[in-house]
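Notes follow once the structure below has been shown.
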Amino acid sequence: MLVFNTPAELQAWSLEKRKAGVRVGLVPTMGYLHEGHLSLIAEARKRADEVVVSIFVNPVQFGPNEDYEKYPRDEQRDLERCEAAGASAVFLPTPQNMYAPDASVFVVEEKLGQGLCGARRPGHFRGVCTVVAKLFNLALPQVAVFGQKDFQQAAIIKRMVRDLNFPLEIVVAPIVREPDGLAKSSRNVYLSAEERQNALGLSRSLALAADAVAANGSCPSQDLRAKMAALLESMSLRVDYVELVDAETLLPVPEATAGTVALVAAYCGNTRLIDNRIL
Ligand code: AMP
């Protein structure tokens with residue numbers, strides 16, 4: 001498995017692959033890899049001849065009071081996992097070689113990023129779109145795989161690819177969960193034993209919504225959101241948002257029905273967790 005530390009090295013490799021007609025798949029990550037990430041690598045391997053995994057805690061997508069500094073990192077273990085998962089190459093750049101000190105061009109999506117995490121984390125998706133556009137230009141993939149875990153992010157990346165004509169396919173892979181339902185996340189490592197139990201409130205609130213829609217066909221969003229929030233609060237979680245949105249526009253729907261997406265963000269102690277489910 002190859003390891004590239006600079007954008008130039010990765011791009012030179014990708015240009016060679018493209019010339020040789022080799023199909024490249026890209027899996028962008030921030031590292032501290034878990035089974036969710038590994039499922040994306042497996043998905044990419046099915047769809048491409050060679051898979052590049054990028055591991056980069058992108059400072060531009062973190063707000064000033066967020067966890068950029070303490071975000072968990074374990075480069076050695078990540079490299080071992082990528083190799084075992086069959087990646088051809090890992091891209092491990094530094095912020096210094098990704099961003100010129102006077103970088104002044106950024107990619108901004110103006111609709112899908114207005115609500116949900118976009119409203120709560122100003123500048124977050126500007127950072128995400130910018131780094132992903134850069135990764136597309138460096139890895140030159142024919143296919144890139146993202147997780148449904150970050151539903152809004154995946155929708156915004158698909159929109160960016162459509163609107164800026166990036167010549168690649170975006171694949172969104174299902175959420176990988178712990179046996180008890182908690183969505184796998186690098187940030188789960190922050191949780192104490194008690195918080196780890198309370199964190200089950202997220203997936204349970206989504207199950208509540210799915211069950212209600214399955215039983216009744218449709219439910220007024222206002223009622224359902226109140227019930228979901230009550231469940232989260234009953235497990236000592238502080239609600240950041242609970243939303244029921246249209247899967248394409250990400251706009252709130254008055255009635256939740258099959259196909260509506262339920263999304264939750266909540267603080268478990270100091271740790272902000274997100275989860276979602278297509279009802
Ligand atoms: P991150 O390292 O958290 O930026 O995530 C990198 C990619 O892995 C994103 O496309 C995420 O949506 C995806 N991902 C994170 N957690 C999971 C999970 N539990 N299941 C599936 N994909 C995930």
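Every chain in the structure tokens has a letter given in the order shown (A, B, ...), and although residue numbers restart at 1 in each chain, ligands are simply numbered from 1 in the order shown.
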Using 7 Å as the limit and counting only C-alpha atoms and all ligand atoms, can you tabulate each residue of chain A that touches ligand 1, with its shortest atom-to-atom distance in Å and the two atoms involved, as CSV?
```
residue,atom,partner,partner_atom_place_in_ligand_line,distance
A:Pro28,CA,ligand 1,6 (C),5.7
A:Thr29,CA,ligand 1,6 (C),3.7
A:Met30,CA,ligand 1,2 (O),3.8
A:Gly31,CA,ligand 1,2 (O),5.2
A:Leu33,CA,ligand 1,2 (O),6.9
A:Gly36,CA,ligand 1,20 (N),3.6
A:His37,CA,ligand 1,8 (O),4.7
A:Ser39,CA,ligand 1,21 (C),6.7
A:Leu40,CA,ligand 1,22 (N),6.5
A:Val145,CA,ligand 1,10 (O),6.7
A:Phe146,CA,ligand 1,10 (O),3.4
A:Gly147,CA,ligand 1,12 (O),3.3
A:Gln148,CA,ligand 1,12 (O),5.4
A:Lys149,CA,ligand 1,12 (O),4.5
A:Asp150,CA,ligand 1,12 (O),4.3
A:Ala173,CA,ligand 1,21 (C),6.2
A:Pro174,CA,ligand 1,21 (C),5.6
A:Ile175,CA,ligand 1,20 (N),3.6
A:Val176,CA,ligand 1,20 (N),3.8
A:Arg177,CA,ligand 1,19 (N),5.7
A:Ala183,CA,ligand 1,19 (N),4.8
A:Lys184,CA,ligand 1,19 (N),3.8
A:Ser185,CA,ligand 1,16 (N),4.9
A:Ser186,CA,ligand 1,3 (O),6.2
```
Got time to write the residues from that selection, N, CA, C and O atoms, as a JSON list (two decimals), in the first residue's frame?
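Everything below was put into selection18.json:
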```json
[["chain", "number", "residue", "atom", "x", "y", "z"],
["A", 28, "PRO", "N", -13.01, 9.59, 1.30],
["A", 28, "PRO", "CA", -12.49, 10.66, 2.15],
["A", 28, "PRO", "C", -12.88, 10.43, 3.62],
["A", 28, "PRO", "O", -14.04, 10.15, 3.93],
["A", 29, "THR", "N", -11.90, 10.56, 4.52],
["A", 29, "THR", "CA", -12.17, 10.39, 5.95],
["A", 29, "THR", "C", -11.33, 11.38, 6.76],
["A", 29, "THR", "O", -10.40, 11.98, 6.25],
["A", 30, "MET", "N", -11.67, 11.45, 8.04],
["A", 30, "MET", "CA", -10.84, 12.21, 8.98],
["A", 30, "MET", "C", -10.06, 11.26, 9.88],
["A", 30, "MET", "O", -9.52, 11.67, 10.92],
["A", 31, "GLY", "N", -10.01, 9.97, 9.53],
["A", 31, "GLY", "CA", -9.20, 9.03, 10.29],
["A", 31, "GLY", "C", -9.87, 8.53, 11.55],
["A", 31, "GLY", "O", -11.06, 8.70, 11.75],
["A", 33, "LEU", "N", -10.17, 5.34, 12.15],
["A", 33, "LEU", "CA", -11.08, 4.54, 11.34],
["A", 33, "LEU", "C", -11.80, 3.45, 12.14],
["A", 33, "LEU", "O", -11.21, 2.80, 12.99],
["A", 36, "GLY", "N", -17.45, 1.60, 10.12],
["A", 36, "GLY", "CA", -18.20, 2.42, 9.16],
["A", 36, "GLY", "C", -17.30, 2.84, 8.00],
["A", 36, "GLY", "O", -17.65, 2.67, 6.82],
["A", 37, "HIS", "N", -16.12, 3.34, 8.33],
["A", 37, "HIS", "CA", -15.16, 3.72, 7.28],
["A", 37, "HIS", "C", -14.77, 2.49, 6.43],
["A", 37, "HIS", "O", -14.67, 2.59, 5.22],
["A", 39, "SER", "N", -16.44, -0.10, 5.77],
["A", 39, "SER", "CA", -17.53, -0.49, 4.85],
["A", 39, "SER", "C", -17.49, 0.38, 3.59],
["A", 39, "SER", "O", -17.83, -0.08, 2.50],
["A", 40, "LEU", "N", -17.06, 1.63, 3.74],
["A", 40, "LEU", "CA", -16.96, 2.50, 2.56],
["A", 40, "LEU", "C", -15.82, 2.03, 1.65],
["A", 40, "LEU", "O", -15.92, 2.06, 0.43],
["A", 145, "VAL", "N", -16.99, 7.36, -2.35],
["A", 145, "VAL", "CA", -18.00, 6.76, -1.47],
["A", 145, "VAL", "C", -18.07, 7.55, -0.16],
["A", 145, "VAL", "O", -17.04, 7.81, 0.48],
["A", 146, "PHE", "N", -19.30, 7.92, 0.19],
["A", 146, "PHE", "CA", -19.58, 8.65, 1.43],
["A", 146, "PHE", "C", -20.58, 7.84, 2.25],
["A", 146, "PHE", "O", -21.25, 6.96, 1.72],
["A", 147, "GLY", "N", -20.72, 8.17, 3.54],
["A", 147, "GLY", "CA", -21.64, 7.45, 4.41],
["A", 147, "GLY", "C", -22.95, 8.20, 4.61],
["A", 147, "GLY", "O", -22.95, 9.43, 4.73],
["A", 148, "GLN", "N", -24.03, 7.45, 4.70],
["A", 148, "GLN", "CA", -25.33, 8.06, 5.03],
["A", 148, "GLN", "C", -25.32, 8.66, 6.43],
["A", 148, "GLN", "O", -26.14, 9.50, 6.77],
["A", 149, "LYS", "N", -24.39, 8.20, 7.27],
["A", 149, "LYS", "CA", -24.24, 8.75, 8.62],
["A", 149, "LYS", "C", -24.27, 10.27, 8.60],
["A", 149, "LYS", "O", -24.84, 10.91, 9.48],
["A", 150, "ASP", "N", -23.62, 10.85, 7.57],
["A", 150, "ASP", "CA", -23.62, 12.31, 7.40],
["A", 150, "ASP", "C", -24.55, 12.62, 6.22],
["A", 150, "ASP", "O", -24.09, 12.97, 5.13],
["A", 173, "ALA", "N", -23.21, 5.00, 1.20],
["A", 173, "ALA", "CA", -23.30, 3.67, 1.82],
["A", 173, "ALA", "C", -24.05, 3.76, 3.15],
["A", 173, "ALA", "O", -24.03, 4.79, 3.82],
["A", 174, "PRO", "N", -24.73, 2.65, 3.52],
["A", 174, "PRO", "CA", -25.55, 2.67, 4.74],
["A", 174, "PRO", "C", -24.76, 2.90, 6.03],
["A", 174, "PRO", "O", -23.54, 2.70, 6.07],
["A", 175, "ILE", "N", -25.48, 3.28, 7.08],
["A", 175, "ILE", "CA", -24.86, 3.56, 8.39],
["A", 175, "ILE", "C", -24.50, 2.23, 9.07],
["A", 175, "ILE", "O", -25.35, 1.35, 9.19],
["A", 176, "VAL", "N", -23.26, 2.13, 9.51],
["A", 176, "VAL", "CA", -22.84, 0.95, 10.28],
["A", 176, "VAL", "C", -23.02, 1.28, 11.77],
["A", 176, "VAL", "O", -22.60, 2.35, 12.23],
["A", 177, "ARG", "N", -23.67, 0.35, 12.50],
["A", 177, "ARG", "CA", -24.02, 0.60, 13.89],
["A", 177, "ARG", "C", -23.39, -0.43, 14.83],
["A", 177, "ARG", "O", -23.05, -1.53, 14.40],
["A", 183, "ALA", "N", -24.83, 4.55, 16.22],
["A", 183, "ALA", "CA", -24.08, 4.69, 14.97],
["A", 183, "ALA", "C", -22.59, 4.80, 15.29],
["A", 183, "ALA", "O", -22.20, 5.55, 16.20],
["A", 184, "LYS", "N", -21.78, 4.05, 14.58],
["A", 184, "LYS", "CA", -20.33, 4.14, 14.80],
["A", 184, "LYS", "C", -19.85, 5.53, 14.44],
["A", 184, "LYS", "O", -20.29, 6.11, 13.45],
["A", 185, "SER", "N", -18.96, 6.06, 15.27],
["A", 185, "SER", "CA", -18.41, 7.39, 15.03],
["A", 185, "SER", "C", -17.06, 7.49, 15.73],
["A", 185, "SER", "O", -16.88, 6.94, 16.82],
["A", 186, "SER", "N", -16.13, 8.19, 15.10],
["A", 186, "SER", "CA", -14.83, 8.40, 15.74],
["A", 186, "SER", "C", -15.02, 9.12, 17.06],
["A", 186, "SER", "O", -14.25, 8.93, 18.00]]
```
Exercise. Can you tell me, as number ranges by chain, what residues are no more than 10 Å from Phe106 (chain A) when counting only C-alpha atoms, ignoring any on the same chain fewer than 3 positions away?
Worked result: A: 60, 103, 126-131, 133-134
Only N, CA, C and O atoms, please: the residues just picked out, written as a PDB file, in the first residue's frame.
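Written output follows (selection_28.pdb):
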```pdb
ATOM      1  N   VAL A  60     -10.425  23.526   8.201  1.00  0.00           N
ATOM      2  CA  VAL A  60     -11.353  24.518   7.635  1.00  0.00           C
ATOM      3  C   VAL A  60     -12.821  24.180   7.922  1.00  0.00           C
ATOM      4  O   VAL A  60     -13.685  25.043   7.869  1.00  0.00           O
ATOM      5  N   ALA A 103      -4.686  31.138   0.924  1.00  0.00           N
ATOM      6  CA  ALA A 103      -5.760  30.508   0.131  1.00  0.00           C
ATOM      7  C   ALA A 103      -6.993  31.409   0.161  1.00  0.00           C
ATOM      8  O   ALA A 103      -7.387  31.889   1.225  1.00  0.00           O
ATOM      9  N   ARG A 126     -18.837  24.722   4.015  1.00  0.00           N
ATOM     10  CA  ARG A 126     -17.870  25.425   3.151  1.00  0.00           C
ATOM     11  C   ARG A 126     -16.520  24.710   3.248  1.00  0.00           C
ATOM     12  O   ARG A 126     -15.843  24.470   2.250  1.00  0.00           O
ATOM     13  N   GLY A 127     -16.152  24.336   4.472  1.00  0.00           N
ATOM     14  CA  GLY A 127     -14.896  23.610   4.662  1.00  0.00           C
ATOM     15  C   GLY A 127     -14.943  22.231   4.039  1.00  0.00           C
ATOM     16  O   GLY A 127     -13.983  21.776   3.421  1.00  0.00           O
ATOM     17  N   VAL A 128     -16.087  21.557   4.202  1.00  0.00           N
ATOM     18  CA  VAL A 128     -16.241  20.199   3.657  1.00  0.00           C
ATOM     19  C   VAL A 128     -16.189  20.246   2.124  1.00  0.00           C
ATOM     20  O   VAL A 128     -15.446  19.490   1.492  1.00  0.00           O
ATOM     21  N   CYS A 129     -16.994  21.130   1.516  1.00  0.00           N
ATOM     22  CA  CYS A 129     -17.035  21.196   0.050  1.00  0.00           C
ATOM     23  C   CYS A 129     -15.666  21.542  -0.517  1.00  0.00           C
ATOM     24  O   CYS A 129     -15.226  20.971  -1.521  1.00  0.00           O
ATOM     25  N   THR A 130     -14.982  22.466   0.140  1.00  0.00           N
ATOM     26  CA  THR A 130     -13.676  22.891  -0.364  1.00  0.00           C
ATOM     27  C   THR A 130     -12.678  21.737  -0.313  1.00  0.00           C
ATOM     28  O   THR A 130     -11.995  21.447  -1.297  1.00  0.00           O
ATOM     29  N   VAL A 131     -12.628  21.038   0.810  1.00  0.00           N
ATOM     30  CA  VAL A 131     -11.628  19.964   0.903  1.00  0.00           C
ATOM     31  C   VAL A 131     -11.997  18.808  -0.017  1.00  0.00           C
ATOM     32  O   VAL A 131     -11.123  18.198  -0.653  1.00  0.00           O
ATOM     33  N   ALA A 133     -13.667  18.987  -2.870  1.00  0.00           N
ATOM     34  CA  ALA A 133     -13.349  19.401  -4.248  1.00  0.00           C
ATOM     35  C   ALA A 133     -11.846  19.251  -4.497  1.00  0.00           C
ATOM     36  O   ALA A 133     -11.416  18.778  -5.557  1.00  0.00           O
ATOM     37  N   LYS A 134     -11.042  19.639  -3.521  1.00  0.00           N
ATOM     38  CA  LYS A 134      -9.589  19.497  -3.663  1.00  0.00           C
ATOM     39  C   LYS A 134      -9.206  18.018  -3.788  1.00  0.00           C
ATOM     40  O   LYS A 134      -8.393  17.639  -4.638  1.00  0.00           O
TER      41      LYS A 134
END
```
Exercise. Using only C-alpha atoms, which of A:Leu279, A:Leu38, A:Leu224, A:Leu26 sits nearest Val53 (chain A)?
Worked result: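 Of all the options, A:Leu26 lies closest to Val53 (chain A).
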Exercise. Mind pulling up the distance from CA of Ile274 (chain A) to CA of Asp211 (chain A)?
Worked result: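 So the answer is 19.5 Å.
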For this session: Would you kindly return, as number ranges by chain, each protein, DNA or RNA residue with an atom no farther than 10 Å from any atom of Tyr68 (chain A), considering only C-alpha atoms and excluding same-chain residues fewer than 4 positions away?
Result: A: 57-64, 72
Exercise. Using the chain letters and numbers from this document, which residues of region 28-168 of chain A does DSSP assign to strand (DSSP E or B), as a list in words?
Worked result: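 After running DSSP on the backbone, region 28-168 of chain A has strand (DSSP E or B) at Pro28, Thr29, Glu50, Val51, Val52, Val53, Ser54, Ile55, Ala89, Val90, Phe91, Val143, Ala144, Val145, Phe146 and Gly147 of chain A.
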Seminar exercise, completed: Using only C-alpha atoms, the shortest atom-to-atom distance to Gly118 (chain A) among A:Gln222, A:Ala42, A:Ala265, A:Ser54 belongs to A:Ala265
Problem set entry | Nearby residues (only C-alpha atoms) at most 12 Å from Thr6 (chain A), same-chain spacing under 4 positions excluded, as a PyMOL selection string | chain A and resi 10-13+54+56+90-99+135+138-139
For this session: Using only C-alpha atoms, determine which residues lie at most 7 Å from Thr257 (chain A), disregarding the query and same-chain residues fewer than 5 positions distant; provide the list as number ranges by chain.
Result: A: 213, 217-219
Exercise. As an NGL selection string, which residues of region 84-279 of chain A does DSSP assign to helix (DSSP H, G or I)?
Worked result: :A and (84 or 95-98 or 116-120 or 124-139 or 148-163 or 186-190 or 193-198 or 200-216 or 221-234)
Export of prior selection with C-alpha atoms as a PDB file, in the first residue's frame:
```pdb
ATOM      1  CA  ALA A  84      -6.136  -4.848   5.726  1.00  0.00           C
ATOM      2  CA  PRO A  95      -2.927  21.324   6.744  1.00  0.00           C
ATOM      3  CA  GLN A  96       0.182  23.206   5.578  1.00  0.00           C
ATOM      4  CA  ASN A  97       0.491  21.273   2.353  1.00  0.00           C
ATOM      5  CA  MET A  98      -3.266  21.291   1.697  1.00  0.00           C
ATOM      6  CA  LEU A 116     -29.599  21.132  10.156  1.00  0.00           C
ATOM      7  CA  CYS A 117     -25.829  20.959  10.807  1.00  0.00           C
ATOM      8  CA  GLY A 118     -25.268  23.904   8.443  1.00  0.00           C
ATOM      9  CA  ALA A 119     -27.310  26.165  10.703  1.00  0.00           C
ATOM     10  CA  ARG A 120     -25.598  24.873  13.839  1.00  0.00           C
ATOM     11  CA  HIS A 124     -18.753  23.723   8.266  1.00  0.00           C
ATOM     12  CA  PHE A 125     -19.996  22.737   4.813  1.00  0.00           C
ATOM     13  CA  ARG A 126     -17.870  25.425   3.151  1.00  0.00           C
ATOM     14  CA  GLY A 127     -14.896  23.610   4.662  1.00  0.00           C
ATOM     15  CA  VAL A 128     -16.241  20.199   3.657  1.00  0.00           C
ATOM     16  CA  CYS A 129     -17.035  21.196   0.050  1.00  0.00           C
ATOM     17  CA  THR A 130     -13.676  22.891  -0.364  1.00  0.00           C
ATOM     18  CA  VAL A 131     -11.628  19.964   0.903  1.00  0.00           C
ATOM     19  CA  VAL A 132     -13.685  17.398  -1.016  1.00  0.00           C
ATOM     20  CA  ALA A 133     -13.349  19.401  -4.248  1.00  0.00           C
ATOM     21  CA  LYS A 134      -9.589  19.497  -3.663  1.00  0.00           C
ATOM     22  CA  LEU A 135      -9.507  15.733  -3.002  1.00  0.00           C
ATOM     23  CA  PHE A 136     -11.439  15.122  -6.232  1.00  0.00           C
ATOM     24  CA  ASN A 137      -8.853  17.168  -8.149  1.00  0.00           C
ATOM     25  CA  LEU A 138      -5.997  15.263  -6.513  1.00  0.00           C
ATOM     26  CA  ALA A 139      -7.259  11.681  -6.596  1.00  0.00           C
ATOM     27  CA  GLN A 148     -25.335   8.055   5.025  1.00  0.00           C
ATOM     28  CA  LYS A 149     -24.240   8.750   8.617  1.00  0.00           C
ATOM     29  CA  ASP A 150     -23.623  12.309   7.398  1.00  0.00           C
ATOM     30  CA  PHE A 151     -26.826  12.539   5.368  1.00  0.00           C
ATOM     31  CA  GLN A 152     -26.700  16.289   4.803  1.00  0.00           C
ATOM     32  CA  GLN A 153     -23.037  16.153   3.836  1.00  0.00           C
ATOM     33  CA  ALA A 154     -23.708  13.443   1.236  1.00  0.00           C
ATOM     34  CA  ALA A 155     -26.597  15.473  -0.234  1.00  0.00           C
ATOM     35  CA  ILE A 156     -24.410  18.581  -0.460  1.00  0.00           C
ATOM     36  CA  ILE A 157     -21.530  16.699  -2.090  1.00  0.00           C
ATOM     37  CA  LYS A 158     -23.921  15.215  -4.678  1.00  0.00           C
ATOM     38  CA  ARG A 159     -25.200  18.728  -5.380  1.00  0.00           C
ATOM     39  CA  MET A 160     -21.639  20.056  -5.717  1.00  0.00           C
ATOM     40  CA  VAL A 161     -20.771  17.279  -8.178  1.00  0.00           C
ATOM     41  CA  ARG A 162     -23.896  18.047 -10.207  1.00  0.00           C
ATOM     42  CA  ASP A 163     -23.573  21.804 -10.176  1.00  0.00           C
ATOM     43  CA  SER A 186     -14.828   8.404  15.737  1.00  0.00           C
ATOM     44  CA  ARG A 187     -16.280  10.730  18.373  1.00  0.00           C
ATOM     45  CA  ASN A 188     -17.792   7.825  20.368  1.00  0.00           C
ATOM     46  CA  VAL A 189     -14.362   7.479  21.995  1.00  0.00           C
ATOM     47  CA  TYR A 190     -15.115  10.686  23.930  1.00  0.00           C
ATOM     48  CA  ALA A 193     -19.579   4.574  30.242  1.00  0.00           C
ATOM     49  CA  GLU A 194     -22.699   6.416  31.376  1.00  0.00           C
ATOM     50  CA  GLU A 195     -22.749   8.686  28.326  1.00  0.00           C
ATOM     51  CA  ARG A 196     -22.317   5.649  26.087  1.00  0.00           C
ATOM     52  CA  GLN A 197     -25.625   4.291  27.465  1.00  0.00           C
ATOM     53  CA  ASN A 198     -27.385   7.638  27.107  1.00  0.00           C
ATOM     54  CA  LEU A 200     -28.596   5.173  22.594  1.00  0.00           C
ATOM     55  CA  GLY A 201     -31.250   7.891  22.780  1.00  0.00           C
ATOM     56  CA  LEU A 202     -30.339   9.017  19.254  1.00  0.00           C
ATOM     57  CA  SER A 203     -31.021   5.725  17.482  1.00  0.00           C
ATOM     58  CA  ARG A 204     -34.022   5.079  19.751  1.00  0.00           C
ATOM     59  CA  SER A 205     -35.612   8.420  18.855  1.00  0.00           C
ATOM     60  CA  LEU A 206     -35.189   7.528  15.176  1.00  0.00           C
ATOM     61  CA  ALA A 207     -36.724   4.096  15.769  1.00  0.00           C
ATOM     62  CA  LEU A 208     -39.657   5.811  17.480  1.00  0.00           C
ATOM     63  CA  ALA A 209     -40.211   7.914  14.346  1.00  0.00           C
ATOM     64  CA  ALA A 210     -39.845   4.918  12.016  1.00  0.00           C
ATOM     65  CA  ASP A 211     -42.280   2.852  14.094  1.00  0.00           C
ATOM     66  CA  ALA A 212     -44.842   5.667  14.206  1.00  0.00           C
ATOM     67  CA  VAL A 213     -44.763   6.109  10.436  1.00  0.00           C
ATOM     68  CA  ALA A 214     -44.843   2.344   9.853  1.00  0.00           C
ATOM     69  CA  ALA A 215     -47.896   2.035  12.122  1.00  0.00           C
ATOM     70  CA  ASN A 216     -49.836   5.112  10.990  1.00  0.00           C
ATOM     71  CA  SER A 221     -44.105  16.293  12.194  1.00  0.00           C
ATOM     72  CA  GLN A 222     -44.758  18.589  15.123  1.00  0.00           C
ATOM     73  CA  ASP A 223     -46.026  15.721  17.307  1.00  0.00           C
ATOM     74  CA  LEU A 224     -43.329  13.341  16.223  1.00  0.00           C
ATOM     75  CA  ARG A 225     -40.526  15.838  16.823  1.00  0.00           C
ATOM     76  CA  ALA A 226     -41.857  16.540  20.316  1.00  0.00           C
ATOM     77  CA  LYS A 227     -41.897  12.816  21.126  1.00  0.00           C
ATOM     78  CA  MET A 228     -38.384  12.332  19.751  1.00  0.00           C
ATOM     79  CA  ALA A 229     -37.055  15.314  21.715  1.00  0.00           C
ATOM     80  CA  ALA A 230     -38.728  14.028  24.895  1.00  0.00           C
ATOM     81  CA  LEU A 231     -37.067  10.648  24.441  1.00  0.00           C
ATOM     82  CA  LEU A 232     -33.651  12.294  23.920  1.00  0.00           C
ATOM     83  CA  GLU A 233     -34.109  14.456  27.014  1.00  0.00           C
ATOM     84  CA  SER A 234     -35.252  11.464  29.064  1.00  0.00           C
TER      85      SER A 234
END
```
Problem set entry | d(CA of Pro141 (chain A), CA of Asn5 (chain A)) in Å |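 Between CA of Pro141 (chain A) and CA of Asn5 (chain A) the gap is 17.8 Å.
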Exercise. In terms of the shortest atom-to-atom distance over only C-alpha atoms, which of A:Leu15, A:Glu75, A:Ala266, A:Ala8 is closest to Arg238 (chain A)?
Worked result: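 Nearest to Arg238 (chain A): A:Ala266.
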For this session: Could you tell me how far CA of Arg277 (chain A) lies from CA of Val172 (chain A), in Å and to one decimal?
Result: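 Answer for the CA of Arg277 (chain A) to CA of Val172 (chain A) separation: 13.4 Å.
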Exercise. For Val27 (chain A), which residue among A:Val143, A:Ala247, A:Ala85, A:Val108 is the nearest when counting only C-alpha atoms?
Worked result: A:Val143
For this session: Would you mind telling me which residue in A:Val261, A:Ala87, A:Leu191, A:Cys268 lies nearest to Val242 (chain A) when using only C-alpha atoms?
Result: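 Closest to Val242 (chain A), using only C-alpha atoms: A:Val261.
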Seminar exercise, completed: For Phe4 (chain A), the closest of A:Gly21, A:Ile41, A:Ser88, A:Glu16 counting only C-alpha atoms is A:Ser88
